[in-house]
Amino acid sequence: MNVLQVTTGAPEETEALGLLIGSLLPPGSFLALRGDLGGGKTCLTRGVVAALAPQSAHLVASPTYAIMNNYPGTIPVYHFDFYRLPGDDDIAELGFEEFFYGDGVCVVEWSERLVELMPADVLTLLFEYAGDDRRLITITGSGQKSENLLELLTKRYHQQEKL
Ligand SMILES: Nc1ncnc2c1ncn2[C@@H]1O[C@H](COP(=O)(O)OP(=O)(O)OP(=O)(O)O)[C@@H](O)[C@H]1O
Ligand SMILES: [Mg+2]
């Protein structure tokens with residue numbers, strides 16, 4: 001399985017990674033964000049929104065009190081935060097499937113709360129503390145679309161690193 005691991009040393013770097021990812025996402029993409037509390041999931045989401053719906057990027061706040069925020073843009077971004085929901089059963093009642101399988105981009109914090117409801121083709125980003133302001137972000141893809149996306153992201157990330 002292909003994996004891209006990125007260590008960021010400041011919130012701005014995590015946001016910049018989100019911006020790069022956002023610039024590569026096709027409609028219908030699903031980003032599953034998981035891992036440590038305060039790991040940088042919202043920060044990365046801000047970068048994704050900056051790429052696709054720049055006029056809304058400043059609205060991407062942490063902590064998020066809404067379960068879903070909708071940012072209209074070149075591709076609409078649906079930002080979910082399931083921290084306050086215990087799991088699948090409660091989430092199923094909210095009827096989010098139309099967004100999960102729609103033409104926007106879904107960015108889902110605490111995606112581990114989705115079990116049965118998780119789409120098959122997702123790009124997963126795991127956030128872990130790596131001391132002080134460092135965060136280790138491990139990116140994997142499941143499904144053809146996400147594997148292709150990961151391949152492209154890996155190429156672009158290494159190109160950017162050389163600049
Ligand atoms: N390298 C880094 N990347 C991202 N955030 C960092 C980094 N270093 C320090 N931080 C700080 O860590 C915090 C990350 O917060 P953020 O809300 O993005 O995390 P989160 O994973 O969304 O948290 P939650 O689990 O509560 O939703 C911010 O206060 C940010 O300033
Ligand atoms: Mg958050």
# chains A, B, ... in the order shown; residues from 1 in each chain; ligands from 1
call {"tool": "select_by_dssp", "arguments": {"residues": "region 29-128 of chain A", "states": "helix (DSSP H, G or I)", "output": "number ranges by chain"}}
result
A: 41-52, 54-59, 88-92, 97-100, 111-113
call {"tool": "residues_around", "arguments": {"residues": "Ala10 (chain A)", "least_positions_apart": "4", "cutoff": "12 Å", "atoms": "only C-alpha atoms", "output": "list in words"}}
result
Thr14, Glu15, Ala16, Leu17, Gly39, Gly40, Cys43, Leu44, Tyr129, Ala130, Gly131, Asp132, Asp133, Arg134, Arg135 and Leu136 of chain A
call {"tool": "write_last_selection", "arguments": {"atoms": "C-alpha atoms", "output": "short mmCIF file (atom, residue, chain, number, x, y, z; two decimals), in the first residue's frame"}}
result
data_model
loop_
_atom_site.label_atom_id
_atom_site.label_comp_id
_atom_site.auth_asym_id
_atom_site.auth_seq_id
_atom_site.Cartn_x
_atom_site.Cartn_y
_atom_site.Cartn_z
CA THR A 14 -0.19 21.88 7.92
CA GLU A 15 -2.47 24.44 6.30
CA ALA A 16 -0.15 24.57 3.26
CA LEU A 17 -0.41 20.78 2.93
CA GLY A 39 -3.51 17.16 15.92
CA GLY A 40 -4.21 19.71 13.18
CA CYS A 43 -5.95 23.47 10.42
CA LEU A 44 -5.52 21.22 7.37
CA TYR A 129 1.89 14.56 17.82
CA ALA A 130 5.61 14.42 17.12
CA GLY A 131 6.81 16.78 19.86
CA ASP A 132 6.16 20.51 20.40
CA ASP A 133 4.76 21.99 17.21
CA ARG A 134 5.56 18.97 15.08
CA ARG A 135 2.85 16.76 13.67
CA LEU A 136 3.25 13.54 11.75
#
call {"tool": "residues_around", "arguments": {"residues": "Thr140 (chain A)", "least_positions_apart": "2", "cutoff": "8 Å", "atoms": "only C-alpha atoms", "output": "PyMOL selection string"}}
result
chain A and resi 1-4+123-125+138+142+147+150
call {"tool": "residues_near_ligand", "arguments": {"ligand": "ligand 2", "cutoff": "10 Å", "atoms": "only C-alpha atoms and all ligand atoms", "output": "list in words"}}
result
Leu33, Arg34, Asp36, Leu37, Gly38, Gly39, Gly40, Lys41, Thr42, Cys43, Leu44, Thr45, Val60, Ala61, Ser62, Pro63, Thr64, Tyr65, Phe80, Asp81, Phe82, Tyr83, Val108, Glu109 and Trp110 of chain A
call {"tool": "write_last_selection", "arguments": {"atoms": "C-alpha atoms", "output": "short mmCIF file (atom, residue, chain, number, x, y, z; two decimals), in the first residue's frame"}}
result
data_model
loop_
_atom_site.label_atom_id
_atom_site.label_comp_id
_atom_site.auth_asym_id
_atom_site.auth_seq_id
_atom_site.Cartn_x
_atom_site.Cartn_y
_atom_site.Cartn_z
CA LEU A 33 -9.25 12.90 9.10
CA ARG A 34 -8.44 11.03 12.30
CA ASP A 36 -4.90 13.08 18.10
CA LEU A 37 -7.05 15.78 19.67
CA GLY A 38 -5.47 19.04 18.54
CA GLY A 39 -3.51 17.16 15.92
CA GLY A 40 -4.21 19.71 13.18
CA LYS A 41 -7.31 18.35 11.42
CA THR A 42 -9.14 21.67 11.41
CA CYS A 43 -5.95 23.47 10.42
CA LEU A 44 -5.52 21.22 7.37
CA THR A 45 -9.22 21.64 6.52
CA VAL A 60 -13.04 27.28 9.28
CA ALA A 61 -12.80 27.41 13.05
CA SER A 62 -11.61 25.16 15.80
CA PRO A 63 -13.37 23.82 17.72
CA THR A 64 -16.28 23.43 15.36
CA TYR A 65 -19.67 23.56 17.01
CA PHE A 80 -17.92 17.55 9.10
CA ASP A 81 -16.83 17.18 12.70
CA PHE A 82 -18.16 14.07 14.44
CA TYR A 83 -16.31 14.59 17.72
CA VAL A 108 -14.53 14.65 7.83
CA GLU A 109 -12.92 15.14 11.23
CA TRP A 110 -13.18 12.22 13.67
#
call {"tool": "select_by_dssp", "arguments": {"residues": "region 4-141 of chain A", "states": "strand (DSSP E)", "output": "number ranges by chain"}}
result
A: 4-8, 30-35, 68-71, 77-81, 105-109, 122-129, 135-141
call {"tool": "write_last_selection", "arguments": {"atoms": "C-alpha atoms", "output": "CSV table (one decimal), in the first residue's frame"}}
result
chain,number,residue,atom,x,y,z
A,4,LEU,CA,2.8,9.5,2.2
A,5,GLN,CA,4.2,10.7,5.5
A,6,VAL,CA,4.6,14.4,6.1
A,7,THR,CA,6.0,16.1,9.2
A,8,THR,CA,5.0,19.7,9.7
A,30,PHE,CA,-13.8,12.2,0.6
A,31,LEU,CA,-11.1,13.0,3.1
A,32,ALA,CA,-11.2,11.1,6.4
A,33,LEU,CA,-9.2,12.9,9.1
A,34,ARG,CA,-8.4,11.0,12.3
A,35,GLY,CA,-6.0,11.0,15.2
A,68,MET,CA,-21.5,20.2,9.2
A,69,ASN,CA,-20.4,23.4,7.5
A,70,ASN,CA,-21.0,24.0,3.9
A,71,TYR,CA,-18.5,26.2,2.0
A,77,VAL,CA,-16.6,21.7,0.5
A,78,TYR,CA,-18.6,20.0,3.2
A,79,HIS,CA,-16.7,20.0,6.5
A,80,PHE,CA,-17.9,17.6,9.1
A,81,ASP,CA,-16.8,17.2,12.7
A,105,VAL,CA,-15.6,17.4,-1.4
A,106,CYS,CA,-16.2,16.0,2.0
A,107,VAL,CA,-13.7,16.7,4.7
A,108,VAL,CA,-14.5,14.7,7.8
A,109,GLU,CA,-12.9,15.1,11.2
A,122,VAL,CA,-11.4,7.6,0.8
A,123,LEU,CA,-8.2,9.4,1.4
A,124,THR,CA,-7.3,8.9,5.0
A,125,LEU,CA,-5.1,11.3,7.0
A,126,LEU,CA,-3.9,10.3,10.4
A,127,PHE,CA,-2.6,13.1,12.7
A,128,GLU,CA,-0.1,12.4,15.4
A,129,TYR,CA,1.9,14.6,17.8
A,135,ARG,CA,2.9,16.8,13.7
A,136,LEU,CA,3.3,13.5,11.7
A,137,ILE,CA,0.6,13.2,9.1
A,138,THR,CA,0.2,9.8,7.5
A,139,ILE,CA,-1.8,9.7,4.3
A,140,THR,CA,-3.2,6.5,2.7
A,141,GLY,CA,-5.7,5.9,0.0
call {"tool": "residues_around", "arguments": {"residues": "Leu52 (chain A)", "least_positions_apart": "4", "cutoff": "7 Å", "atoms": "only C-alpha atoms", "output": "list in words"}}
result
Gly22, Val48, Gly73, Thr74 and Ile75 of chain A
call {"tool": "write_last_selection", "arguments": {"atoms": "N, CA and C atoms", "output": "mmCIF file, in the first residue's frame"}}
result
data_model
loop_
_atom_site.group_PDB
_atom_site.id
_atom_site.type_symbol
_atom_site.label_atom_id
_atom_site.label_comp_id
_atom_site.auth_asym_id
_atom_site.auth_seq_id
_atom_site.Cartn_x
_atom_site.Cartn_y
_atom_site.Cartn_z
ATOM 1 N N GLY A 22 -6.087 20.262 -1.492
ATOM 2 C CA GLY A 22 -7.318 20.852 -2.033
ATOM 3 C C GLY A 22 -7.201 21.152 -3.514
ATOM 4 N N VAL A 48 -7.600 23.212 2.751
ATOM 5 C CA VAL A 48 -8.426 22.626 1.688
ATOM 6 C C VAL A 48 -9.483 23.640 1.252
ATOM 7 N N GLY A 73 -17.995 26.862 -3.311
ATOM 8 C CA GLY A 73 -16.777 27.245 -4.016
ATOM 9 C C GLY A 73 -16.738 26.629 -5.392
ATOM 10 N N THR A 74 -15.554 26.608 -6.019
ATOM 11 C CA THR A 74 -15.426 25.987 -7.339
ATOM 12 C C THR A 74 -15.923 24.537 -7.252
ATOM 13 N N ILE A 75 -15.592 23.893 -6.163
ATOM 14 C CA ILE A 75 -16.239 22.640 -5.775
ATOM 15 C C ILE A 75 -16.705 22.899 -4.343
#
call {"tool": "atom_distance", "arguments": {"atom1": "CA of Glu13 (chain A)", "atom2": "atom 9 (C, counted along the ligand's line) of ligand 1"}}
result
9.6 Å
call {"tool": "residues_around", "arguments": {"residues": "region 157-163 of chain A", "least_positions_apart": "2", "cutoff": "10 Å", "atoms": "only C-alpha atoms", "output": "list in words"}}
result
Leu4, Val6, Leu17, Leu20, Ile21, Glu151, Leu152, Leu153, Thr154 and Lys155 of chain A
call {"tool": "residues_around", "arguments": {"residues": "Gly102 (chain A)", "least_positions_apart": "5", "cutoff": "9 Å", "atoms": "only C-alpha atoms", "output": "PDB file with C-alpha atoms, in the first residue's frame"}}
result
ATOM      1  CA  PRO A  27     -15.422  16.476  -7.236  1.00  0.00           C
ATOM      2  CA  GLY A  28     -16.733  13.608  -5.130  1.00  0.00           C
ATOM      3  CA  SER A  29     -13.566  13.263  -3.036  1.00  0.00           C
ATOM      4  CA  GLU A  97     -25.297  10.156   2.605  1.00  0.00           C
TER       5      GLU A  97
END
call {"tool": "atom_distance", "arguments": {"atom1": "CA of Gln144 (chain A)", "atom2": "atom 22 (O, counted along the ligand's line) of ligand 1"}}
result
27.1 Å
call {"tool": "residues_around", "arguments": {"residues": "Gly87 (chain A)", "least_positions_apart": "5", "cutoff": "9 Å", "atoms": "only C-alpha atoms", "output": "short mmCIF file (atom, residue, chain, number, x, y, z; two decimals) with C-alpha atoms, in the first residue's frame"}}
result
data_model
loop_
_atom_site.label_atom_id
_atom_site.label_comp_id
_atom_site.auth_asym_id
_atom_site.auth_seq_id
_atom_site.Cartn_x
_atom_site.Cartn_y
_atom_site.Cartn_z
CA PHE A 82 -18.16 14.07 14.44
CA ALA A 92 -27.04 7.61 10.24
CA GLU A 112 -13.29 6.95 12.99
CA ARG A 113 -16.85 7.51 14.33
CA LEU A 114 -18.14 6.39 10.93
CA VAL A 115 -18.03 2.66 10.52
#
